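Shown here: start13.txt, compact mmCIF, C-alpha atoms.
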# COMPACT_ATOMS: atom_id res chain seq x y z
CA MET A 121 0.00 0.00 0.00
CA LYS A 122 1.23 3.46 -0.88
CA THR A 123 0.13 6.95 -0.07
CA PRO A 124 -0.90 9.27 -2.94
CA ARG A 125 2.27 11.28 -2.26
CA GLU A 126 4.47 8.26 -2.81
CA ILE A 127 2.66 7.41 -6.03
CA LEU A 128 2.89 10.97 -7.37
CA LEU A 129 6.59 11.26 -6.51
CA GLU A 130 7.43 7.85 -7.95
CA GLN A 131 5.84 8.94 -11.21
CA GLN A 132 8.31 11.81 -11.50
CA ALA A 133 11.36 10.04 -10.11
CA GLU A 134 12.90 9.72 -13.57
CA ALA A 135 13.45 13.50 -13.54
CA LEU A 136 15.62 13.37 -10.40
CA PRO A 137 19.00 13.50 -12.22
CA ASP A 138 17.87 16.60 -14.12
CA LEU A 139 16.50 18.17 -10.96
CA ASP A 140 19.80 17.48 -9.18
CA ARG A 141 21.65 19.14 -12.03
CA VAL A 142 19.38 22.19 -11.92
CA ARG A 143 19.67 22.41 -8.13
CA ARG A 144 23.46 22.14 -8.16
CA ALA A 145 23.71 24.81 -10.86
CA VAL A 146 21.51 27.22 -8.90
CA VAL A 147 23.32 26.57 -5.60
CA ALA A 148 26.72 26.94 -7.26
CA ASP A 149 25.57 30.24 -8.68
CA LEU A 150 24.26 31.59 -5.38
CA GLY A 151 27.46 33.48 -4.58
CA ARG A 152 27.29 35.49 -7.74
CA VAL A 153 23.61 36.21 -7.98
CA THR A 154 23.07 39.16 -10.22
CA MET A 155 19.99 40.80 -11.58
CA THR A 156 20.25 38.93 -14.85
CA ASP A 157 17.26 37.16 -16.21
CA ALA A 158 16.84 33.57 -15.14
CA THR A 159 16.80 32.47 -18.76
CA GLU A 160 20.42 33.56 -19.08
CA ARG A 161 21.34 30.86 -16.61
CA VAL A 162 20.20 28.10 -18.86
CA PRO A 163 23.29 26.45 -20.36
CA PRO A 164 23.82 27.67 -23.93
CA ALA A 165 23.51 24.11 -25.21
CA ALA A 166 19.97 23.96 -23.86
CA ARG A 167 18.93 27.13 -25.65
CA PRO A 168 17.49 26.88 -29.14
CA ALA A 169 19.74 28.22 -31.90
CA TRP A 170 18.78 31.70 -33.05
CA SER A 171 17.17 32.00 -36.44
CA PRO A 172 14.62 34.36 -38.00
CA LEU A 173 12.01 31.63 -37.60
CA THR A 174 12.65 31.17 -33.86
CA TRP A 175 12.77 34.94 -33.45
CA THR A 176 9.40 35.24 -35.18
CA VAL A 177 7.91 32.46 -33.08
CA VAL A 178 9.24 34.00 -29.86
CA ALA A 179 8.02 37.45 -30.87
CA TRP A 180 4.61 36.01 -31.76
CA GLN A 181 4.38 34.15 -28.45
CA GLN A 182 5.56 37.04 -26.31
CA LEU A 183 4.03 40.02 -28.10
CA VAL A 184 0.87 38.83 -29.80
CA VAL A 185 -0.39 35.76 -27.96
CA PRO A 186 -0.58 37.32 -24.46
CA SER A 187 -2.68 40.22 -25.80
CA ARG A 188 -4.43 38.47 -28.62
CA TYR A 189 -7.86 39.75 -27.58
CA ALA A 190 -6.57 43.32 -27.57
CA TRP A 191 -5.04 42.81 -31.02
CA ALA A 192 -8.27 41.27 -32.28
CA GLY A 193 -10.17 44.28 -30.91
CA VAL A 194 -7.85 46.73 -32.64
CA ALA A 195 -8.19 44.80 -35.91
CA ALA A 196 -11.99 44.76 -35.58
CA ALA A 197 -12.03 48.51 -34.89
CA TRP A 198 -9.97 49.16 -38.00
CA LEU A 199 -12.24 46.96 -40.08
CA CYS A 200 -15.26 48.93 -38.81
CA ILE A 201 -13.58 52.24 -39.64
CA VAL A 202 -12.65 51.09 -43.15
CA SER A 203 -16.10 49.65 -43.86
CA LEU A 204 -17.83 52.80 -42.54
CA ASN A 205 -15.54 54.93 -44.65
CA LEU A 206 -16.33 52.88 -47.76
CA ALA A 207 -20.06 52.85 -47.01
CA LEU A 208 -20.33 56.61 -46.43
CA SER A 209 -18.24 57.71 -49.43
CA ASP A 210 -20.17 58.47 -52.71
CA GLY A 211 -17.72 56.51 -54.79
CA HIS A 212 -16.48 59.55 -56.71
CA ALA A 213 -13.01 60.93 -56.77
CA PRO A 214 -12.45 64.44 -55.35
CA ALA A 215 -13.26 67.40 -57.63
CA LEU A 216 -9.65 68.37 -58.15
CA ALA A 217 -8.73 64.85 -59.15
CA GLN A 218 -11.56 64.86 -61.69
CA GLN A 219 -10.25 67.90 -63.62
CA ARG A 220 -8.44 67.10 -66.79
CA ALA A 221 -5.04 68.48 -67.37
CA PRO A 222 -5.13 71.69 -69.55
CA ASP A 223 -4.61 70.92 -73.19
CA ALA A 224 -2.11 72.65 -75.48
CA ALA A 225 -4.52 75.38 -76.64
CA GLN A 226 -5.37 76.40 -73.09
CA ALA A 227 -1.71 76.45 -72.20
CA GLU A 228 -0.97 78.66 -75.20
CA LEU A 229 -3.80 81.05 -74.23
CA ALA A 230 -2.50 81.30 -70.69
CA ARG A 231 1.00 82.01 -71.96
CA GLU A 232 -0.32 84.83 -74.19
CA GLN A 233 -2.25 86.35 -71.30
CA ARG A 234 0.84 86.31 -69.14
CA ALA A 235 2.87 88.00 -71.90
CA LEU A 236 0.19 90.69 -72.34
CA ALA A 237 0.04 91.37 -68.65
CA ALA A 238 3.83 91.66 -68.48
CA GLU A 239 3.78 94.11 -71.41
CA LEU A 240 1.12 96.26 -69.80
CA LEU A 241 2.93 96.36 -66.52
CA GLY A 242 6.17 97.33 -68.24
CA THR A 243 4.44 100.25 -70.05
CA ARG A 244 3.01 101.58 -66.80
CA LEU A 245 6.39 101.49 -65.17
CA VAL A 246 7.87 103.67 -67.93
CA ALA A 247 5.01 106.16 -67.84
CA GLN A 248 4.96 106.50 -64.08
CA PRO A 249 8.30 105.58 -62.62
CA SER A 250 8.24 104.79 -59.01
CA PRO A 251 9.48 107.54 -56.68
CA MET A 252 11.68 105.04 -54.98
CA ARG A 253 13.61 104.52 -58.20
CA GLN A 254 14.21 108.26 -58.91
CA ASP A 255 17.71 109.70 -58.88
CA ARG A 256 18.50 111.91 -55.93
CA SER A 257 19.31 114.81 -58.25
CA GLN A 258 15.81 114.63 -59.72
CA ALA A 259 14.06 114.61 -56.38
CA PRO A 260 11.82 117.65 -55.79
CA ALA A 261 13.49 120.45 -53.85
CA PHE A 262 12.26 121.44 -50.42
CA ASN A 263 10.03 124.35 -51.14
CA ASP A 264 8.14 124.17 -47.96
CA ALA A 265 9.43 127.03 -45.90
CA GLY A 266 8.30 125.61 -42.64
CA ALA A 267 10.09 122.36 -43.18
CA LEU A 268 13.24 124.12 -44.36
CA GLY A 269 13.15 126.53 -41.47
CA TRP A 270 12.85 123.72 -39.01
CA ARG A 271 15.84 122.02 -40.58
CA GLU A 272 17.91 125.18 -40.44
CA GLU A 273 17.07 125.68 -36.79
CA ASN A 274 18.07 122.19 -35.97
CA ARG A 275 21.32 122.55 -37.83
CA PHE A 276 22.08 125.80 -36.00
CA GLU A 277 21.47 124.33 -32.61
CA HIS A 278 23.61 121.43 -33.48
CA PHE A 279 26.69 123.53 -34.14
CA VAL A 280 26.30 125.95 -31.23
CA MET B 45 20.20 14.38 11.60
CA GLN B 46 18.47 16.71 9.16
CA ALA B 47 17.64 20.17 10.50
CA ASP B 48 14.05 21.36 10.38
CA ILE B 49 12.84 23.77 7.72
CA PRO B 50 12.90 27.04 9.76
CA THR B 51 16.46 26.33 10.89
CA GLN B 52 17.54 25.69 7.31
CA VAL B 53 15.78 28.82 6.15
CA GLN B 54 17.62 30.82 8.81
CA ALA B 55 20.92 29.39 7.63
CA ALA B 56 19.96 30.12 4.02
CA ARG B 57 19.28 33.73 4.97
CA GLY B 58 22.88 33.85 6.13
CA GLY B 59 24.00 32.65 2.72
CA ALA B 60 24.82 29.04 3.64
CA ARG B 61 24.91 27.07 0.43
CA GLU B 62 24.44 23.78 2.25
CA ALA B 63 21.18 25.08 3.65
CA TRP B 64 19.96 26.12 0.20
CA ASP B 65 20.99 22.77 -1.19
CA ALA B 66 19.11 20.94 1.57
CA LEU B 67 15.99 23.07 1.08
CA PHE B 68 15.95 22.68 -2.68
CA SER B 69 16.72 19.00 -2.38
CA ARG B 70 13.80 18.56 0.02
CA TYR B 71 11.28 20.28 -2.29
CA GLN B 72 12.58 19.62 -5.81
CA LEU B 73 10.64 16.44 -6.54
CA PRO B 74 7.24 17.43 -5.08
CA LEU B 75 7.62 20.83 -6.71
CA PHE B 76 8.39 19.17 -10.02
CA ALA B 77 5.38 16.86 -9.67
CA TYR B 78 3.15 19.87 -9.00
CA VAL B 79 4.59 22.01 -11.81
CA ARG B 80 4.54 19.19 -14.33
CA ASP B 81 0.91 18.55 -13.53
CA LEU B 82 0.19 22.21 -14.24
CA VAL B 83 2.22 22.80 -17.40
CA ARG B 84 2.22 19.26 -18.82
CA ASP B 85 5.67 19.69 -20.31
CA ARG B 86 8.79 18.09 -18.85
CA GLU B 87 11.36 20.57 -20.17
CA ALA B 88 9.21 23.60 -19.39
CA SER B 89 8.76 22.22 -15.87
CA LEU B 90 12.51 21.93 -15.38
CA ASP B 91 12.92 25.53 -16.58
CA ILE B 92 10.22 26.67 -14.18
CA ILE B 93 11.87 24.83 -11.28
CA GLN B 94 15.17 26.51 -12.08
CA GLU B 95 13.52 29.93 -12.27
CA ALA B 96 11.65 29.30 -9.01
CA PHE B 97 14.86 28.30 -7.20
CA ILE B 98 16.64 31.41 -8.47
CA ALA B 99 13.72 33.65 -7.52
CA ALA B 100 13.58 32.06 -4.06
CA SER B 101 17.28 32.65 -3.50
CA ARG B 102 16.88 36.27 -4.52
CA HIS B 103 13.73 37.08 -2.60
CA LEU B 104 14.08 35.07 0.59
CA GLY B 105 14.01 38.38 2.46
CA THR B 106 10.32 38.74 1.62
CA LEU B 107 9.40 35.48 3.39
CA ARG B 108 7.85 36.44 6.73
CA ASP B 109 7.28 33.04 8.29
CA ASP B 110 10.19 30.63 7.86
CA ALA B 111 7.92 27.66 8.57
CA LYS B 112 6.00 28.50 5.40
CA PHE B 113 9.02 28.24 3.13
CA GLY B 114 7.45 25.27 1.31
CA SER B 115 4.19 26.97 0.41
CA TRP B 116 6.11 30.15 -0.44
CA LEU B 117 8.31 28.21 -2.87
CA PHE B 118 5.27 26.48 -4.39
CA GLY B 119 3.63 29.89 -4.78
CA ILE B 120 6.65 31.22 -6.67
CA ALA B 121 6.63 28.17 -8.94
CA ARG B 122 2.93 28.62 -9.60
CA GLN B 123 3.49 32.23 -10.63
CA LYS B 124 6.09 30.99 -13.10
CA CYS B 125 3.53 28.48 -14.39
CA VAL B 126 1.02 31.29 -14.90
CA HIS B 127 3.63 33.22 -16.90
CA HIS B 128 4.23 30.07 -18.92
CA TRP B 129 0.49 29.70 -19.61
CA ARG B 130 0.28 33.30 -20.71
CA ARG B 131 3.22 32.85 -23.04
CA THR B 132 1.67 29.76 -24.55
CA GLY B 133 -1.92 31.02 -24.41
CA ARG B 134 -3.16 28.29 -22.08
CA ALA B 135 -4.24 30.42 -19.10
CA GLU B 136 -7.86 30.88 -20.15
CA LYS B 137 -8.20 27.23 -21.10
CA ILE B 138 -7.03 26.09 -17.66
CA PHE B 139 -9.32 28.35 -15.69
CA ASP B 140 -12.31 28.02 -17.99
CA ASP B 141 -12.46 24.37 -17.08
CA GLU B 142 -13.51 25.25 -13.53
CA PRO B 143 -16.80 23.45 -12.87
CA VAL B 144 -19.55 25.33 -11.10
CA THR B 145 -19.64 24.24 -7.47
CA ASP B 146 -21.10 25.68 -4.32
CA ASN B 147 -18.90 26.63 -1.40
CA ALA B 148 -19.27 23.32 0.39
CA ALA B 149 -16.43 22.82 2.81
CA ASP B 150 -14.38 19.67 2.97
CA THR B 151 -16.12 17.68 5.65
CA THR B 152 -14.52 14.33 4.93
CA GLY B 153 -11.65 15.10 7.27
CA ALA B 154 -9.56 12.61 5.38
CA GLN B 155 -5.84 13.27 5.64
CA PRO B 156 -3.46 12.41 2.79
CA GLY B 157 -2.21 9.49 4.84
CA ASP B 158 -5.74 8.07 4.98
CA TRP B 159 -5.60 7.42 1.26
CA LEU B 160 -3.76 4.16 0.98
CA ILE B 161 -3.64 2.78 -2.51
CA ALA B 162 -2.91 -0.85 -3.20
CA ALA B 163 -0.15 -1.54 -5.69
CA GLU B 164 -2.58 -2.97 -8.25
CA ARG B 165 -4.73 0.17 -7.98
CA GLU B 166 -1.95 2.69 -8.60
CA HIS B 167 -2.72 3.08 -12.29
CA ALA B 168 -6.41 3.42 -11.55
CA PHE B 169 -5.60 6.09 -8.98
CA VAL B 170 -3.46 8.09 -11.43
CA ALA B 171 -6.10 7.71 -14.16
CA ALA B 172 -8.84 8.87 -11.80
CA LEU B 173 -6.75 11.88 -10.78
CA GLU B 174 -6.35 12.79 -14.44
CA GLN B 175 -10.11 12.89 -14.87
CA LEU B 176 -10.54 15.68 -12.32
CA PRO B 177 -10.87 19.28 -13.51
CA PRO B 178 -7.46 21.03 -13.45
CA THR B 179 -8.32 23.40 -10.62
CA HIS B 180 -9.65 20.57 -8.45
CA ARG B 181 -6.69 18.37 -9.29
CA GLU B 182 -4.34 21.20 -8.36
CA ALA B 183 -5.87 21.59 -4.90
CA LEU B 184 -5.81 17.84 -4.36
CA THR B 185 -2.22 17.52 -5.59
CA LEU B 186 -1.07 20.17 -3.12
CA HIS B 187 -3.00 18.38 -0.41
CA PHE B 188 -1.50 15.01 -1.29
CA LEU B 189 2.04 16.16 -1.93
CA GLU B 190 2.71 18.42 1.02
CA ASP B 191 -0.46 18.36 3.09
CA PHE B 192 -0.45 22.14 3.12
CA PRO B 193 -3.09 23.79 5.33
CA LEU B 194 -6.03 25.20 3.38
CA GLU B 195 -4.86 28.77 3.99
CA GLU B 196 -1.52 27.98 2.40
CA VAL B 197 -3.16 26.24 -0.56
CA ALA B 198 -5.28 29.36 -0.99
CA ALA B 199 -2.14 31.51 -0.89
CA ILE B 200 -0.29 29.29 -3.38
CA THR B 201 -3.15 29.22 -5.86
CA ALA B 202 -4.15 32.86 -5.26
CA THR B 203 -7.70 31.69 -4.62
CA PRO B 204 -10.20 32.54 -1.86
CA LEU B 205 -10.18 30.12 1.06
CA GLY B 206 -13.82 29.13 0.51
CA THR B 207 -13.10 28.20 -3.08
CA VAL B 208 -10.16 26.05 -2.02
CA LYS B 209 -12.32 24.25 0.55
CA SER B 210 -14.97 23.63 -2.06
CA ARG B 211 -12.49 22.41 -4.67
CA LEU B 212 -10.88 20.03 -2.22
CA HIS B 213 -14.24 18.71 -1.08
CA TYR B 214 -15.48 17.99 -4.60
CA ALA B 215 -12.10 16.68 -5.74
CA LYS B 216 -11.96 14.11 -2.94
CA LYS B 217 -15.59 13.13 -3.46
CA LYS B 218 -15.14 12.73 -7.22
CA LEU B 219 -11.89 10.81 -6.80
CA ARG B 220 -13.53 8.35 -4.42
CA GLU B 221 -16.42 7.86 -6.83
CA LEU B 222 -14.05 7.26 -9.72
CA LEU B 223 -11.98 4.80 -7.74
CA GLU B 224 -15.08 2.92 -6.57
CA ASN B 225 -16.49 2.70 -10.07
CA GLN B 226 -13.30 1.45 -11.62
CA PRO B 227 -12.85 -2.31 -11.81

Go through the file and emit its structure as structure tokens.
Amino acid sequence: MKTPREILLEQQAEALPDLDRVRRAVVADLGRVTMTDATERVPPAARPAWSPLTWTVVAWQQLVVPSRYAWAGVAAAWLCIVSLNLALSDGHAPALAQQRAPDAAQAELAREQRALAAELLGTRLVAQPSPMRQDRSQAPAFNDAGALGWREENRFEHFV
Amino acid sequence: MQADIPTQVQAARGGAREAWDALFSRYQLPLFAYVRDLVRDREASLDIIQEAFIAASRHLGTLRDDAKFGSWLFGIARQKCVHHWRRTGRAEKIFDDEPVTDNAADTTGAQPGDWLIAAEREHAFVAALEQLPPTHREALTLHFLEDFPLEEVAAITATPLGTVKSRLHYAKKKLRELLENQP
């Protein structure tokens, strides 16, 4: 007759050598316990070799699987947004996109209008030159007595 | 003569490797049996045992009652199992299997030592245990392996005390039924 404990332990007894190895490794490492991750303590031989496939599997298991419901929710929300957007749009392209590019005749007309405008502007400039562009010698003399007098006074005071 | 658990825990607090070795040696096989029953993977169980030992050696300062070192270590291992389930997406499956039971307390009073299984019934016993829901089997395994008090089982499994009592009650009842009905 055996107790349930004895039966349960006997079932796992084959793992004792491995458990002893694990225990000895942990105890031997006790003196130099650092804050490294426990997975770093696994002997390199026991770790799977790195490859893009293992990396993808690990990333999938650690990033996606734990939050799969959240990811599914985000995907569903995006699907709703896209379907709503498609359902509410009238199926036509925007007005600007609908306009055809100007043909050669229109382009020629626009070029002529620009040339005419430039010619007109140039004529006006000759007829009425801008005061800013006048030579200093051609500037109107100060005929305003008040303004001249004020200038003379100021000049006088300056030299006294 | 082997020192008792609190004395070994005290020595381990002082950094005595022999004490750590004795403590781990004492719990390694029951802990492995418990963890393997939870994760159902031999290599993953060994990894979890290693992680639990390392975590215990790092966080022994957080253990308040040295006499509860065993349940504390089992609790650490169970947390590692939960992390493993989350990584592999098994957590919901495990806990969704919880059958609906009322909060009936364990009134059988049967101690683990009261269950004596004849050699020819060992396989039937293991098969019957396998038929229990995972949460019930977990409570019963902790009861059988270490005879932890209900409060400590509740702490290990992070479950209310009433739920643990109920699980243990129904697990024992179901196990007896299964054993009686088997040829």

Which residues of chain A come within 8 Å of chain B, and what is each one's closest atom pair and distance in Å (one decimal), counting only C-alpha atoms, sorted by chain and residue number, as JSON lines?
{"residue": "A:Met121", "atom": "CA", "partner": "B:Ala162", "partner_atom": "CA", "distance": 4.4}
{"residue": "A:Lys122", "atom": "CA", "partner": "B:Ile161", "partner_atom": "CA", "distance": 5.2}
{"residue": "A:Thr123", "atom": "CA", "partner": "B:Leu160", "partner_atom": "CA", "distance": 4.9}
{"residue": "A:Pro124", "atom": "CA", "partner": "B:Phe188", "partner_atom": "CA", "distance": 6.0}
{"residue": "A:Arg125", "atom": "CA", "partner": "B:Leu189", "partner_atom": "CA", "distance": 4.9}
{"residue": "A:Ile127", "atom": "CA", "partner": "B:Glu166", "partner_atom": "CA", "distance": 7.1}
{"residue": "A:Leu128", "atom": "CA", "partner": "B:Ala77", "partner_atom": "CA", "distance": 6.8}
{"residue": "A:Leu129", "atom": "CA", "partner": "B:Pro74", "partner_atom": "CA", "distance": 6.4}
{"residue": "A:Gln132", "atom": "CA", "partner": "B:Ala77", "partner_atom": "CA", "distance": 6.1}
{"residue": "A:Ala133", "atom": "CA", "partner": "B:Leu73", "partner_atom": "CA", "distance": 7.4}
{"residue": "A:Leu136", "atom": "CA", "partner": "B:Leu73", "partner_atom": "CA", "distance": 7.0}
{"residue": "A:Asp138", "atom": "CA", "partner": "B:Leu90", "partner_atom": "CA", "distance": 7.7}
{"residue": "A:Leu139", "atom": "CA", "partner": "B:Gln72", "partner_atom": "CA", "distance": 6.6}
{"residue": "A:Asp140", "atom": "CA", "partner": "B:Ser69", "partner_atom": "CA", "distance": 7.6}
{"residue": "A:Val142", "atom": "CA", "partner": "B:Gln94", "partner_atom": "CA", "distance": 6.0}
{"residue": "A:Arg143", "atom": "CA", "partner": "B:Phe68", "partner_atom": "CA", "distance": 6.6}
{"residue": "A:Arg144", "atom": "CA", "partner": "B:Asp65", "partner_atom": "CA", "distance": 7.4}
{"residue": "A:Val146", "atom": "CA", "partner": "B:Ile98", "partner_atom": "CA", "distance": 6.4}
{"residue": "A:Val147", "atom": "CA", "partner": "B:Arg61", "partner_atom": "CA", "distance": 6.3}
{"residue": "A:Ala148", "atom": "CA", "partner": "B:Arg61", "partner_atom": "CA", "distance": 7.9}
{"residue": "A:Leu150", "atom": "CA", "partner": "B:Ser101", "partner_atom": "CA", "distance": 7.3}
{"residue": "A:Val153", "atom": "CA", "partner": "B:Arg102", "partner_atom": "CA", "distance": 7.6}
{"residue": "A:Ala158", "atom": "CA", "partner": "B:Glu95", "partner_atom": "CA", "distance": 5.7}
{"residue": "A:Thr159", "atom": "CA", "partner": "B:Glu95", "partner_atom": "CA", "distance": 7.7}
{"residue": "A:Gln181", "atom": "CA", "partner": "B:Arg131", "partner_atom": "CA", "distance": 5.7}
{"residue": "A:Gln182", "atom": "CA", "partner": "B:Arg131", "partner_atom": "CA", "distance": 5.8}
{"residue": "A:Val185", "atom": "CA", "partner": "B:Gly133", "partner_atom": "CA", "distance": 6.1}
{"residue": "A:Pro186", "atom": "CA", "partner": "B:Arg130", "partner_atom": "CA", "distance": 5.6}

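Interatomic distance, atom CA of B:Ala172 against atom CA of B:Ile120: 27.7 Å.
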
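Atom pair atom CA of B:Thr201 / atom CA of B:Ala171: separated by 23.2 Å.
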
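Of note, atom CA of B:Ala183 and atom CA of B:Glu221 are spaced 17.4 Å apart.
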
Residue with smallest distance to B:Cys125 - pool B:Lys112, B:Pro177, B:Thr106, B:Ile200, counting only C-alpha atoms: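 Once distances to B:Cys125 are computed over only C-alpha atoms, the minimum belongs to B:Ile200.
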